[in-house]
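Shown below: structure_36.tsv, with TSV, C-alpha atoms.
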chain	number	residue	atom	x	y	z
A	1	MET	CA	199.30	100.54	74.91
A	2	PHE	CA	197.91	99.48	78.29
A	3	THR	CA	197.42	95.82	79.10
A	4	PRO	CA	193.78	94.65	78.67
A	5	LEU	CA	192.92	94.67	82.37
A	6	VAL	CA	194.30	98.18	82.94
A	7	GLN	CA	192.43	99.39	79.86
A	8	GLU	CA	189.25	97.75	81.15
A	9	LEU	CA	189.64	99.51	84.49
A	10	ILE	CA	190.05	102.87	82.72
A	11	ASN	CA	186.99	102.20	80.56
A	12	SER	CA	184.90	101.16	83.57
A	13	LEU	CA	185.78	104.32	85.49
A	14	ARG	CA	184.40	106.37	82.60
A	15	CYS	CA	180.88	105.27	83.57
A	16	LEU	CA	181.13	107.73	86.48
A	17	ALA	CA	179.49	111.13	85.97
A	18	GLY	CA	181.90	113.73	84.60
A	19	VAL	CA	184.84	111.36	84.12
A	20	GLY	CA	186.59	111.43	80.74
A	21	GLN	CA	189.60	109.56	79.36
A	22	LYS	CA	192.28	111.55	81.17
A	23	SER	CA	190.54	111.59	84.57
A	24	ALA	CA	189.85	107.85	84.27
A	25	GLN	CA	193.54	107.18	83.56
A	26	ARG	CA	194.56	109.32	86.51
A	27	MET	CA	192.08	107.52	88.80
A	28	ALA	CA	193.17	104.07	87.62
A	29	PHE	CA	196.88	104.75	88.13
A	30	GLN	CA	196.36	106.40	91.49
A	31	LEU	CA	194.33	103.38	92.67
A	32	LEU	CA	196.89	100.89	91.31
A	33	GLN	CA	199.88	102.75	92.66
A	34	LYS	CA	198.85	104.16	95.99
A	35	ASP	CA	195.39	103.20	97.02
A	36	ARG	CA	194.58	99.53	96.42
A	37	ASP	CA	192.87	99.19	99.80
A	38	ALA	CA	190.60	102.16	99.11
A	39	GLY	CA	189.87	100.68	95.68
A	40	PHE	CA	188.83	97.34	97.16
A	41	ALA	CA	186.65	99.17	99.69
A	42	LEU	CA	185.06	101.16	96.86
A	43	ALA	CA	184.34	97.97	94.90
A	44	GLU	CA	182.70	96.43	97.96
A	45	THR	CA	180.62	99.53	98.81
A	46	LEU	CA	179.52	99.87	95.19
A	47	ARG	CA	178.27	96.29	95.13
A	48	THR	CA	176.49	96.58	98.47
A	49	ALA	CA	174.94	99.98	97.78
A	50	LEU	CA	173.78	99.13	94.26
A	51	THR	CA	172.23	95.91	95.56
A	52	LYS	CA	170.55	97.27	98.67
A	53	VAL	CA	169.70	100.93	98.09
A	54	GLY	CA	166.17	101.41	96.80
A	55	HIS	CA	163.70	104.23	97.25
A	56	CYS	CA	162.00	105.53	100.39
A	57	GLN	CA	158.38	104.40	100.19
A	58	ARG	CA	157.15	107.78	101.35
A	59	CYS	CA	159.32	110.40	99.60
A	60	GLN	CA	161.09	108.31	96.85
A	61	THR	CA	164.59	109.46	97.79
A	62	PHE	CA	167.36	106.85	97.82
A	63	SER	CA	167.31	104.70	100.95
A	64	GLU	CA	168.26	101.15	101.90
A	65	PHE	CA	165.42	101.18	104.43
A	66	PRO	CA	161.67	101.23	103.64
A	67	LEU	CA	161.58	104.82	104.96
A	68	CYS	CA	164.40	107.37	104.85
A	69	SER	CA	165.86	109.23	107.83
A	70	ILE	CA	163.90	112.43	107.17
A	71	CYS	CA	160.53	110.70	106.74
A	72	THR	CA	161.01	108.81	110.04
A	73	ASN	CA	162.27	111.83	112.00
A	74	PRO	CA	159.48	112.74	114.48
A	75	SER	CA	160.75	116.31	114.91
A	76	ARG	CA	160.04	117.23	111.26
A	77	ASP	CA	156.85	119.16	110.56
A	78	PRO	CA	154.54	116.84	108.57
A	79	SER	CA	152.26	119.69	107.48
A	80	GLN	CA	154.84	121.08	105.04
A	81	LEU	CA	155.89	119.16	101.92
A	82	CYS	CA	158.73	120.35	99.75
A	83	ILE	CA	158.73	118.90	96.23
A	84	VAL	CA	162.12	118.51	94.54
A	85	GLU	CA	163.43	116.80	91.42
A	86	ILE	CA	166.33	114.71	92.69
A	87	PRO	CA	167.85	113.54	96.00
A	88	THR	CA	170.78	116.01	95.80
A	89	ASP	CA	168.20	118.83	95.94
A	90	VAL	CA	167.18	117.51	99.36
A	91	PHE	CA	170.81	117.65	100.43
A	92	ALA	CA	171.20	121.24	99.19
A	93	LEU	CA	168.03	122.39	100.96
A	94	GLU	CA	168.92	120.57	104.19
A	95	GLN	CA	172.25	122.38	104.29
A	96	THR	CA	170.43	125.72	104.47
A	97	ARG	CA	168.82	124.64	107.80
A	98	SER	CA	165.90	126.86	106.76
A	99	TYR	CA	163.32	124.13	106.32
A	100	ASN	CA	161.98	121.59	108.79
A	101	GLY	CA	159.15	119.93	106.86
A	102	LEU	CA	159.10	116.76	104.79
A	103	TYR	CA	160.13	116.15	101.18
A	104	PHE	CA	158.76	114.49	98.08
A	105	VAL	CA	161.37	113.59	95.47
A	106	LEU	CA	159.94	113.32	91.95
A	107	MET	CA	163.11	111.59	90.65
A	108	GLY	CA	162.88	113.70	87.48
A	109	HIS	CA	160.72	116.33	85.88
A	110	LEU	CA	157.95	116.35	83.28
A	111	SER	CA	159.46	116.12	79.82
A	112	PRO	CA	156.99	114.80	77.23
A	113	ILE	CA	159.68	114.87	74.53
A	114	ASP	CA	161.66	112.27	76.52
A	115	GLY	CA	158.54	110.26	77.33
A	116	ILE	CA	158.48	111.42	80.95
A	117	GLY	CA	154.89	112.05	81.99
A	118	PRO	CA	153.10	112.22	85.37
A	119	ASP	CA	153.41	108.44	85.89
A	120	GLU	CA	157.19	108.56	85.64
A	121	ILE	CA	157.52	111.24	88.32
A	122	HIS	CA	155.27	109.49	90.88
A	123	ILE	CA	152.38	111.97	90.67
A	124	ALA	CA	149.91	109.26	91.80
A	125	GLU	CA	151.89	108.75	95.04
A	126	LEU	CA	152.04	112.51	95.54
A	127	LYS	CA	148.26	112.84	95.04
A	128	GLN	CA	147.68	110.09	97.55
A	129	ARG	CA	149.84	111.84	100.15
A	130	LEU	CA	148.02	115.12	99.54
A	131	GLU	CA	144.67	113.36	100.04
A	132	THR	CA	145.53	111.22	103.05
A	133	GLU	CA	147.99	113.36	105.01
A	134	ASN	CA	147.31	116.64	106.73
A	135	ILE	CA	149.49	118.80	104.49
A	136	THR	CA	148.79	122.53	104.72
A	137	GLU	CA	151.53	123.76	102.37
A	138	ILE	CA	153.44	122.38	99.43
A	139	ILE	CA	156.64	124.15	98.43
A	140	LEU	CA	157.57	123.69	94.79
A	141	ALA	CA	161.37	123.48	94.60
A	142	THR	CA	161.75	122.09	91.09
A	143	GLY	CA	164.46	123.63	88.92
A	144	ALA	CA	164.24	127.04	87.24
A	145	THR	CA	164.33	125.33	83.83
A	146	VAL	CA	161.52	125.00	81.28
A	147	GLU	CA	160.83	121.44	82.49
A	148	GLY	CA	161.09	122.42	86.15
A	149	GLU	CA	158.63	125.28	85.64
A	150	ALA	CA	156.21	123.05	83.73
A	151	THR	CA	156.40	120.43	86.47
A	152	ALA	CA	155.76	123.09	89.14
A	153	HIS	CA	152.71	124.38	87.27
A	154	TYR	CA	151.37	120.88	86.78
A	155	ILE	CA	151.67	120.10	90.50
A	156	ALA	CA	150.21	123.49	91.45
A	157	SER	CA	147.14	122.65	89.36
A	158	LEU	CA	146.61	119.52	91.49
A	159	VAL	CA	145.98	121.55	94.64
A	160	GLN	CA	144.24	124.48	92.94
A	161	ASN	CA	140.80	124.07	94.51
A	162	THR	CA	141.88	122.66	97.84
A	163	ASP	CA	142.85	124.24	101.17
A	164	THR	CA	146.51	123.37	100.64
A	165	ARG	CA	148.71	126.41	100.20
A	166	CYS	CA	151.15	126.15	97.32
A	167	SER	CA	154.37	128.17	97.11
A	168	ARG	CA	157.41	128.27	94.88
A	169	LEU	CA	161.04	129.00	95.81
A	170	ALA	CA	161.81	132.68	95.15
A	171	HIS	CA	163.66	133.54	91.96
A	172	GLY	CA	165.89	136.60	91.89
A	173	ILE	CA	169.41	137.89	92.29
A	174	PRO	CA	171.72	135.39	94.03
A	175	LEU	CA	173.64	136.71	97.05
A	176	ASP	CA	176.94	138.25	95.95
A	177	GLY	CA	175.43	138.48	92.45
A	178	GLU	CA	176.52	141.51	90.49
A	179	LEU	CA	173.74	142.94	88.33
A	180	GLY	CA	176.05	143.39	85.34
A	181	TYR	CA	176.83	139.67	85.16
A	182	LEU	CA	173.25	138.43	85.58
A	183	ASP	CA	171.16	137.12	82.68
A	184	THR	CA	168.18	139.20	81.58
A	185	GLY	CA	165.65	136.53	82.59
A	186	THR	CA	166.77	136.47	86.22
A	187	LEU	CA	166.93	140.25	86.41
A	188	SER	CA	163.47	140.54	84.89
A	189	ARG	CA	162.12	138.12	87.53
A	190	ALA	CA	163.88	140.10	90.24
A	191	ILE	CA	162.14	143.32	89.14
A	192	THR	CA	158.71	141.71	88.80
A	193	ALA	CA	158.97	139.98	92.18
A	194	ARG	CA	160.49	142.96	93.99
A	195	THR	CA	159.79	143.14	97.71
A	196	THR	CA	158.55	146.22	99.57
A	197	LEU	CA	160.98	147.42	102.22
A	198	VAL	CA	159.20	150.44	103.74
B	1	MET	CA	170.67	113.51	105.62
B	2	PHE	CA	171.52	110.51	103.43
B	3	THR	CA	170.97	106.99	104.68
B	4	PRO	CA	174.18	105.31	105.94
B	5	LEU	CA	174.76	103.18	102.85
B	6	VAL	CA	174.29	106.09	100.43
B	7	GLN	CA	176.66	108.18	102.57
B	8	GLU	CA	179.18	105.35	102.58
B	9	LEU	CA	179.02	105.14	98.78
B	10	ILE	CA	179.63	108.89	98.51
B	11	ASN	CA	182.57	108.67	100.94
B	12	SER	CA	184.09	105.72	99.07
B	13	LEU	CA	183.91	107.52	95.73
B	14	ARG	CA	185.99	110.32	97.22
B	15	CYS	CA	189.03	108.01	97.22
B	16	LEU	CA	189.22	108.56	93.45
B	17	ALA	CA	191.71	111.17	92.23
B	18	GLY	CA	190.17	114.61	91.86
B	19	VAL	CA	186.75	113.70	93.29
B	20	GLY	CA	185.35	115.99	95.99
B	21	GLN	CA	182.10	115.97	97.93
B	22	LYS	CA	179.87	117.34	95.15
B	23	SER	CA	181.29	115.16	92.37
B	24	ALA	CA	181.02	112.09	94.61
B	25	GLN	CA	177.34	112.88	95.29
B	26	ARG	CA	176.69	113.33	91.59
B	27	MET	CA	178.43	110.05	90.75
B	28	ALA	CA	176.59	108.14	93.48
B	29	PHE	CA	173.17	109.40	92.41
B	30	GLN	CA	173.83	108.85	88.72
B	31	LEU	CA	174.91	105.25	89.43
B	32	LEU	CA	171.92	104.59	91.71
B	33	GLN	CA	169.42	106.20	89.38
B	34	LYS	CA	170.53	105.32	85.87
B	35	ASP	CA	173.54	103.12	85.76
B	36	ARG	CA	173.38	100.23	88.23
B	37	ASP	CA	174.72	97.75	85.68
B	38	ALA	CA	177.73	99.92	84.89
B	39	GLY	CA	178.27	100.33	88.63
B	40	PHE	CA	178.30	96.56	89.19
B	41	ALA	CA	180.69	96.17	86.26
B	42	LEU	CA	182.96	98.84	87.74
B	43	ALA	CA	182.96	97.08	91.14
B	44	GLU	CA	183.91	93.81	89.47
B	45	THR	CA	186.64	95.34	87.28
B	46	LEU	CA	188.07	97.21	90.26
B	47	ARG	CA	188.35	94.01	92.26
B	48	THR	CA	189.89	92.03	89.41
B	49	ALA	CA	192.32	94.75	88.34
B	50	LEU	CA	193.48	95.59	91.86
B	51	THR	CA	194.03	91.89	92.54
B	52	LYS	CA	195.77	90.94	89.30
B	53	VAL	CA	197.58	94.00	87.96
B	54	GLY	CA	201.20	94.14	89.06
B	55	HIS	CA	204.29	95.52	87.37
B	56	CYS	CA	206.02	94.51	84.15
B	57	GLN	CA	209.25	92.74	85.16
B	58	ARG	CA	211.22	94.56	82.51
B	59	CYS	CA	209.94	98.17	82.47
B	60	GLN	CA	207.92	98.37	85.76
B	61	THR	CA	204.77	99.73	84.12
B	62	PHE	CA	201.41	98.34	85.24
B	63	SER	CA	200.65	94.95	83.72
B	64	GLU	CA	198.75	91.83	84.69
B	65	PHE	CA	201.28	89.77	82.72
B	66	PRO	CA	204.97	89.25	83.64
B	67	LEU	CA	205.88	91.44	80.66
B	68	CYS	CA	203.84	94.33	79.21
B	69	SER	CA	202.70	94.67	75.61
B	70	ILE	CA	205.47	97.10	74.63
B	71	CYS	CA	208.30	95.02	76.15
B	72	THR	CA	207.07	91.92	74.28
B	73	ASN	CA	206.51	93.70	70.95
B	74	PRO	CA	209.22	92.41	68.56
B	75	SER	CA	208.88	95.44	66.25
B	76	ARG	CA	210.09	97.89	68.93
B	77	ASP	CA	213.72	98.98	68.73
B	78	PRO	CA	215.52	97.51	71.80
B	79	SER	CA	218.54	99.80	71.40
B	80	GLN	CA	216.59	102.89	72.58
B	81	LEU	CA	215.34	103.20	76.15
B	82	CYS	CA	213.08	106.06	77.18
B	83	ILE	CA	212.99	106.69	80.94
B	84	VAL	CA	209.77	108.14	82.34
B	85	GLU	CA	208.32	108.71	85.79
B	86	ILE	CA	204.87	107.11	85.61
B	87	PRO	CA	202.83	104.83	83.29
B	88	THR	CA	200.66	107.72	81.98
B	89	ASP	CA	203.86	109.27	80.58
B	90	VAL	CA	204.26	106.14	78.41
B	91	PHE	CA	200.69	106.66	77.17
B	92	ALA	CA	201.36	110.33	76.36
B	93	LEU	CA	204.57	109.52	74.46
B	94	GLU	CA	202.98	106.61	72.59
B	95	GLN	CA	200.23	108.90	71.34
B	96	THR	CA	202.83	111.05	69.57
B	97	ARG	CA	203.84	108.04	67.40
B	98	SER	CA	207.31	109.62	67.35
B	99	TYR	CA	209.11	106.92	69.31
B	100	ASN	CA	209.56	103.23	68.64
B	101	GLY	CA	212.00	102.14	71.34
B	102	LEU	CA	211.40	100.62	74.75
B	103	TYR	CA	210.53	102.26	78.07
B	104	PHE	CA	211.65	102.14	81.65
B	105	VAL	CA	209.13	103.44	84.17
B	106	LEU	CA	210.71	104.67	87.40
B	107	MET	CA	207.34	104.77	89.20
B	108	GLY	CA	208.35	108.05	90.81
B	109	HIS	CA	211.26	110.47	90.95
B	110	LEU	CA	214.13	111.07	93.34
B	111	SER	CA	212.91	113.06	96.30
B	112	PRO	CA	215.14	112.68	99.36
B	113	ILE	CA	212.78	114.83	101.43
B	114	ASP	CA	210.04	112.21	100.95
B	115	GLY	CA	212.46	109.35	101.51
B	116	ILE	CA	212.53	108.39	97.83
B	117	GLY	CA	216.06	107.43	96.86
B	118	PRO	CA	217.56	105.34	94.03
B	119	ASP	CA	216.23	102.08	95.52
B	120	GLU	CA	212.62	103.29	95.41
B	121	ILE	CA	212.81	104.19	91.72
B	122	HIS	CA	214.32	100.87	90.60
B	123	ILE	CA	217.76	102.22	89.70
B	124	ALA	CA	219.33	98.79	90.31
B	125	GLU	CA	217.06	97.22	87.68
B	126	LEU	CA	217.84	100.07	85.30
B	127	LYS	CA	221.60	99.60	85.82
B	128	GLN	CA	221.25	95.90	85.15
B	129	ARG	CA	219.43	96.56	81.89
B	130	LEU	CA	222.07	99.07	80.82
B	131	GLU	CA	224.80	96.49	81.53
B	132	THR	CA	223.18	93.42	80.03
B	133	GLU	CA	221.20	94.80	77.08
B	134	ASN	CA	222.59	96.40	73.97
B	135	ILE	CA	221.21	99.89	74.60
B	136	THR	CA	222.83	102.63	72.51
B	137	GLU	CA	220.71	105.59	73.68
B	138	ILE	CA	218.74	106.46	76.77
B	139	ILE	CA	216.21	109.28	76.48
B	140	LEU	CA	215.48	111.02	79.76
B	141	ALA	CA	211.78	111.95	79.77
B	142	THR	CA	211.33	112.73	83.45
B	143	GLY	CA	209.30	115.83	84.31
B	144	ALA	CA	210.54	119.40	84.00
B	145	THR	CA	210.28	119.80	87.77
B	146	VAL	CA	213.10	120.10	90.31
B	147	GLU	CA	212.74	116.39	91.17
B	148	GLY	CA	212.45	115.38	87.51
B	149	GLU	CA	215.61	117.31	86.63
B	150	ALA	CA	217.51	115.85	89.60
B	151	THR	CA	216.43	112.34	88.59
B	152	ALA	CA	217.52	112.97	85.00
B	153	HIS	CA	220.95	114.19	86.12
B	154	TYR	CA	221.36	111.23	88.45
B	155	ILE	CA	220.58	108.74	85.66
B	156	ALA	CA	222.78	110.64	83.20
B	157	SER	CA	225.70	110.21	85.61
B	158	LEU	CA	225.24	106.42	85.46
B	159	VAL	CA	226.12	106.29	81.77
B	160	GLN	CA	228.70	109.10	81.84
B	161	ASN	CA	231.76	107.07	80.97
B	162	THR	CA	230.07	104.48	78.76
B	163	ASP	CA	229.29	104.30	75.05
B	164	THR	CA	225.58	104.82	75.69
B	165	ARG	CA	224.29	108.13	74.34
B	166	CYS	CA	222.09	110.05	76.75
B	167	SER	CA	219.54	112.63	75.67
B	168	ARG	CA	216.81	114.68	77.34
B	169	LEU	CA	213.44	115.74	75.89
B	170	ALA	CA	213.69	119.28	74.50
B	171	HIS	CA	212.38	122.12	76.64
B	172	GLY	CA	211.03	125.24	74.98
B	173	ILE	CA	207.95	127.01	73.76
B	174	PRO	CA	204.93	124.69	73.41
B	175	LEU	CA	203.16	124.71	70.03
B	176	ASP	CA	200.43	127.38	69.97
B	177	GLY	CA	202.22	128.99	72.92
B	178	GLU	CA	202.14	132.77	72.97
B	179	LEU	CA	205.34	134.31	74.26
B	180	GLY	CA	203.50	136.82	76.42
B	181	TYR	CA	201.83	134.08	78.45
B	182	LEU	CA	204.92	131.93	78.98
B	183	ASP	CA	206.83	131.81	82.24
B	184	THR	CA	210.33	133.30	82.30
B	185	GLY	CA	211.99	129.95	82.99
B	186	THR	CA	210.62	128.31	79.86
B	187	LEU	CA	211.40	131.34	77.72
B	188	SER	CA	214.94	131.46	79.11
B	189	ARG	CA	215.41	127.76	78.18
B	190	ALA	CA	214.00	128.47	74.71
B	191	ILE	CA	216.60	131.20	74.11
B	192	THR	CA	219.51	129.17	75.48
B	193	ALA	CA	218.55	126.09	73.47
B	194	ARG	CA	217.70	128.02	70.27
B	195	THR	CA	218.11	126.03	67.07
B	196	THR	CA	219.94	127.27	63.96
B	197	LEU	CA	217.69	127.53	60.92
B	198	VAL	CA	220.03	128.81	58.20

Using structure tokens, write down the structure that the file contains.
Amino acid sequence: MFTPLVQELINSLRCLAGVGQKSAQRMAFQLLQKDRDAGFALAETLRTALTKVGHCQRCQTFSEFPLCSICTNPSRDPSQLCIVEIPTDVFALEQTRSYNGLYFVLMGHLSPIDGIGPDEIHIAELKQRLETENITEIILATGATVEGEATAHYIASLVQNTDTRCSRLAHGIPLDGELGYLDTGTLSRAITARTTLV
Amino acid sequence: MFTPLVQELINSLRCLAGVGQKSAQRMAFQLLQKDRDAGFALAETLRTALTKVGHCQRCQTFSEFPLCSICTNPSRDPSQLCIVEIPTDVFALEQTRSYNGLYFVLMGHLSPIDGIGPDEIHIAELKQRLETENITEIILATGATVEGEATAHYIASLVQNTDTRCSRLAHGIPLDGELGYLDTGTLSRAITARTTLV
């Protein structure tokens, strides 16, 4: 129905996260019809970024430099280390402007069923940082999923008998969350972890 | 927050139709983390397609060849010409398997307010086809919008005093459509254009 090259473009666009047949068609036609320059720029950036972007040697996030912009920022507090699963988690936390320490990006979570053990999530590098750097607190910000919880517990066990404080992001009712729409698990955590006001 | 090259990749991905900040981030990280090969392939296909794909000389749809695969298919009926706005409309109609004629893609619709007149939607080429080819019916399949209707009426006026039959896709209640959820305009058209059963 489409000529081979147009079909190939549609198929290629489907490699992008969350893009199905219809979105890919829409993207292809919009690029062909209105936005060829932006398309060429995208092709060029894709090639450059995929060639040059590797991982920060210190926190494992994506970076084209040996160290990322947070790890090299002298105004960040090096005594706090926040441990997250993926680079977008860093972005989400940075947007809160509530944290000024450093990060460690696991690039995944423990999931034995998928063959992802401590080696795959850079636990050796994390251990080394905990031993060589003067870190007084690690903040576990892995996801509130089974794997995220397991990963958090595993990492907590690493610092169990040391002076390093270990905390976990609070679970509870999200702001603007109506009790009636919340799942039982979250509500149960909110009751158990209730905070004293007076 | 992100290194410049990662940020540039995210920004570039936003040129795609329907992609906002969060989707672009997700796409960028998925490509960097899991799918570098697919990303390189996409960059290559983008460059090739945007360089080579032009328009079919006969029906104006996207094609890297002088004529598209439908225009060159000898089993299509050349006496019927279906007039649509954009190439995806051809795809949608082809999927119905209810039509075996040829197409003419306007690549837009009349919209004087945006400076889109008959010249911009290839009316001269359409006229030439109507004069030189043996077309017995044109089927107006432009959108059911104000601009689509105006375009349909304009094209209908071109064949008014000729032997060429001119039809328009039927408007009415979509299959599985519940009357209570339909807009008044559609329902009004469905009553006016009611079909006799017995």

Residues of chain A within 8 Å of chain B, all atoms listed in the file counted, as number ranges by chain: A: 1-3, 5-6, 8-9, 12-13, 15-18, 23, 25-27, 29-32, 35-36, 38-47, 49-50, 53, 62-64, 68-70, 87-88, 91, 94

Long-range neighbours of Ala193 (chain B) as JSON, numbers by chain, 9 Å cut-off, all atoms listed in the file, 6 positions minimum in chain: {"B": [170, 171, 172]}

Atom pair CA of Leu93 (chain B) / CA of Gly148 (chain B): separation (Å):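 Going from CA of Leu93 (chain B) over to CA of Gly148 (chain B), I get 16.3 Å.
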
One-decimal distance in Å that lies between CA of Asn134 (chain A) and CA of Tyr99 (chain A):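 Between CA of Tyr99 (chain A) and CA of Asn134 (chain A) the gap is 17.7 Å.
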
Exercise: Asp163 (chain B) partners within 12 Å, all atoms listed in the file, chain neighbours under 3 positions left out, as a PyMOL selection string: chain B and resi 130-131+134-138+158-160+166

Neighbours of region 111-124 of chain A within 9 Å (all atoms listed in the file; same-chain residues fewer than 3 positions away dropped), as a PDB file with C-alpha atoms, in the frame of the given file?
ATOM      1  CA  GLN A  60     161.090 108.310  96.850  1.00  0.00           C
ATOM      2  CA  GLU A  85     163.430 116.800  91.420  1.00  0.00           C
ATOM      3  CA  VAL A 105     161.370 113.590  95.470  1.00  0.00           C
ATOM      4  CA  LEU A 106     159.940 113.320  91.950  1.00  0.00           C
ATOM      5  CA  MET A 107     163.110 111.590  90.650  1.00  0.00           C
ATOM      6  CA  GLY A 108     162.880 113.700  87.480  1.00  0.00           C
ATOM      7  CA  LYS A 127     148.260 112.840  95.040  1.00  0.00           C
ATOM      8  CA  GLN A 128     147.680 110.090  97.550  1.00  0.00           C
ATOM      9  CA  ARG A 129     149.840 111.840 100.150  1.00  0.00           C
ATOM     10  CA  GLU A 147     160.830 121.440  82.490  1.00  0.00           C
ATOM     11  CA  ALA A 150     156.210 123.050  83.730  1.00  0.00           C
ATOM     12  CA  THR A 151     156.400 120.430  86.470  1.00  0.00           C
ATOM     13  CA  TYR A 154     151.370 120.880  86.780  1.00  0.00           C
ATOM     14  CA  ILE A 155     151.670 120.100  90.500  1.00  0.00           C
TER      15      ILE A 155
END

Separation of CA of Arg58 (chain B) from CA of Asn73 (chain B), in Å and rounded to one decimal: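 Taking CA of Arg58 (chain B) as the start and CA of Asn73 (chain B) as the end point, the length is 12.5 Å.
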
Generate the missing atoms of region 189-195 of chain B up to all heavy atoms and report them as a PDB file, keeping the file's coordinate frame.
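This went into result37.pdb:
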ATOM      1  N   ARG B 189     214.919 129.024  78.761  1.00  0.00           N
ATOM      2  CA  ARG B 189     215.410 127.760  78.180  1.00  0.00           C
ATOM      3  C   ARG B 189     215.308 127.796  76.668  1.00  0.00           C
ATOM      4  O   ARG B 189     216.159 127.265  75.946  1.00  0.00           O
ATOM      5  CB  ARG B 189     214.605 126.577  78.705  1.00  0.00           C
ATOM      6  CG  ARG B 189     214.831 126.280  80.174  1.00  0.00           C
ATOM      7  CD  ARG B 189     216.187 125.630  80.418  1.00  0.00           C
ATOM      8  NE  ARG B 189     216.176 124.214  80.141  1.00  0.00           N
ATOM      9  CZ  ARG B 189     215.998 123.278  81.078  1.00  0.00           C
ATOM     10  NH1 ARG B 189     215.857 123.619  82.348  1.00  0.00           N
ATOM     11  NH2 ARG B 189     215.993 122.003  80.765  1.00  0.00           N
ATOM     12  N   ALA B 190     214.225 128.421  76.162  1.00  0.00           N
ATOM     13  CA  ALA B 190     214.000 128.470  74.710  1.00  0.00           C
ATOM     14  C   ALA B 190     215.073 129.301  74.024  1.00  0.00           C
ATOM     15  O   ALA B 190     215.482 129.002  72.900  1.00  0.00           O
ATOM     16  CB  ALA B 190     212.610 129.026  74.414  1.00  0.00           C
ATOM     17  N   ILE B 191     215.534 130.377  74.694  1.00  0.00           N
ATOM     18  CA  ILE B 191     216.600 131.200  74.110  1.00  0.00           C
ATOM     19  C   ILE B 191     217.918 130.443  74.148  1.00  0.00           C
ATOM     20  O   ILE B 191     218.616 130.308  73.139  1.00  0.00           O
ATOM     21  CB  ILE B 191     216.746 132.536  74.886  1.00  0.00           C
ATOM     22  CG1 ILE B 191     215.475 133.372  74.746  1.00  0.00           C
ATOM     23  CG2 ILE B 191     217.960 133.322  74.367  1.00  0.00           C
ATOM     24  CD1 ILE B 191     215.456 134.604  75.630  1.00  0.00           C
ATOM     25  N   THR B 192     218.244 129.886  75.329  1.00  0.00           N
ATOM     26  CA  THR B 192     219.510 129.170  75.480  1.00  0.00           C
ATOM     27  C   THR B 192     219.612 128.003  74.481  1.00  0.00           C
ATOM     28  O   THR B 192     220.677 127.776  73.896  1.00  0.00           O
ATOM     29  CB  THR B 192     219.629 128.604  76.915  1.00  0.00           C
ATOM     30  OG1 THR B 192     219.199 129.596  77.821  1.00  0.00           O
ATOM     31  CG2 THR B 192     221.047 128.178  77.231  1.00  0.00           C
ATOM     32  N   ALA B 193     218.518 127.274  74.306  1.00  0.00           N
ATOM     33  CA  ALA B 193     218.550 126.090  73.470  1.00  0.00           C
ATOM     34  C   ALA B 193     218.062 126.374  72.045  1.00  0.00           C
ATOM     35  O   ALA B 193     217.563 125.502  71.364  1.00  0.00           O
ATOM     36  CB  ALA B 193     217.694 124.990  74.109  1.00  0.00           C
ATOM     37  N   ARG B 194     218.209 127.657  71.602  1.00  0.00           N
ATOM     38  CA  ARG B 194     217.700 128.020  70.270  1.00  0.00           C
ATOM     39  C   ARG B 194     218.348 127.166  69.191  1.00  0.00           C
ATOM     40  O   ARG B 194     219.501 126.736  69.322  1.00  0.00           O
ATOM     41  CB  ARG B 194     217.940 129.516  70.016  1.00  0.00           C
ATOM     42  CG  ARG B 194     219.384 129.927  69.923  1.00  0.00           C
ATOM     43  CD  ARG B 194     219.501 131.450  69.946  1.00  0.00           C
ATOM     44  NE  ARG B 194     220.885 131.894  69.902  1.00  0.00           N
ATOM     45  CZ  ARG B 194     221.680 131.970  70.971  1.00  0.00           C
ATOM     46  NH1 ARG B 194     221.225 131.624  72.173  1.00  0.00           N
ATOM     47  NH2 ARG B 194     222.931 132.397  70.842  1.00  0.00           N
ATOM     48  N   THR B 195     217.585 126.893  68.134  1.00  0.00           N
ATOM     49  CA  THR B 195     218.110 126.030  67.070  1.00  0.00           C
ATOM     50  C   THR B 195     218.434 126.885  65.840  1.00  0.00           C
ATOM     51  O   THR B 195     217.730 127.845  65.533  1.00  0.00           O
ATOM     52  CB  THR B 195     217.075 124.960  66.666  1.00  0.00           C
ATOM     53  OG1 THR B 195     215.841 125.611  66.360  1.00  0.00           O
ATOM     54  CG2 THR B 195     216.833 123.993  67.809  1.00  0.00           C
TER      55      THR B 195
END
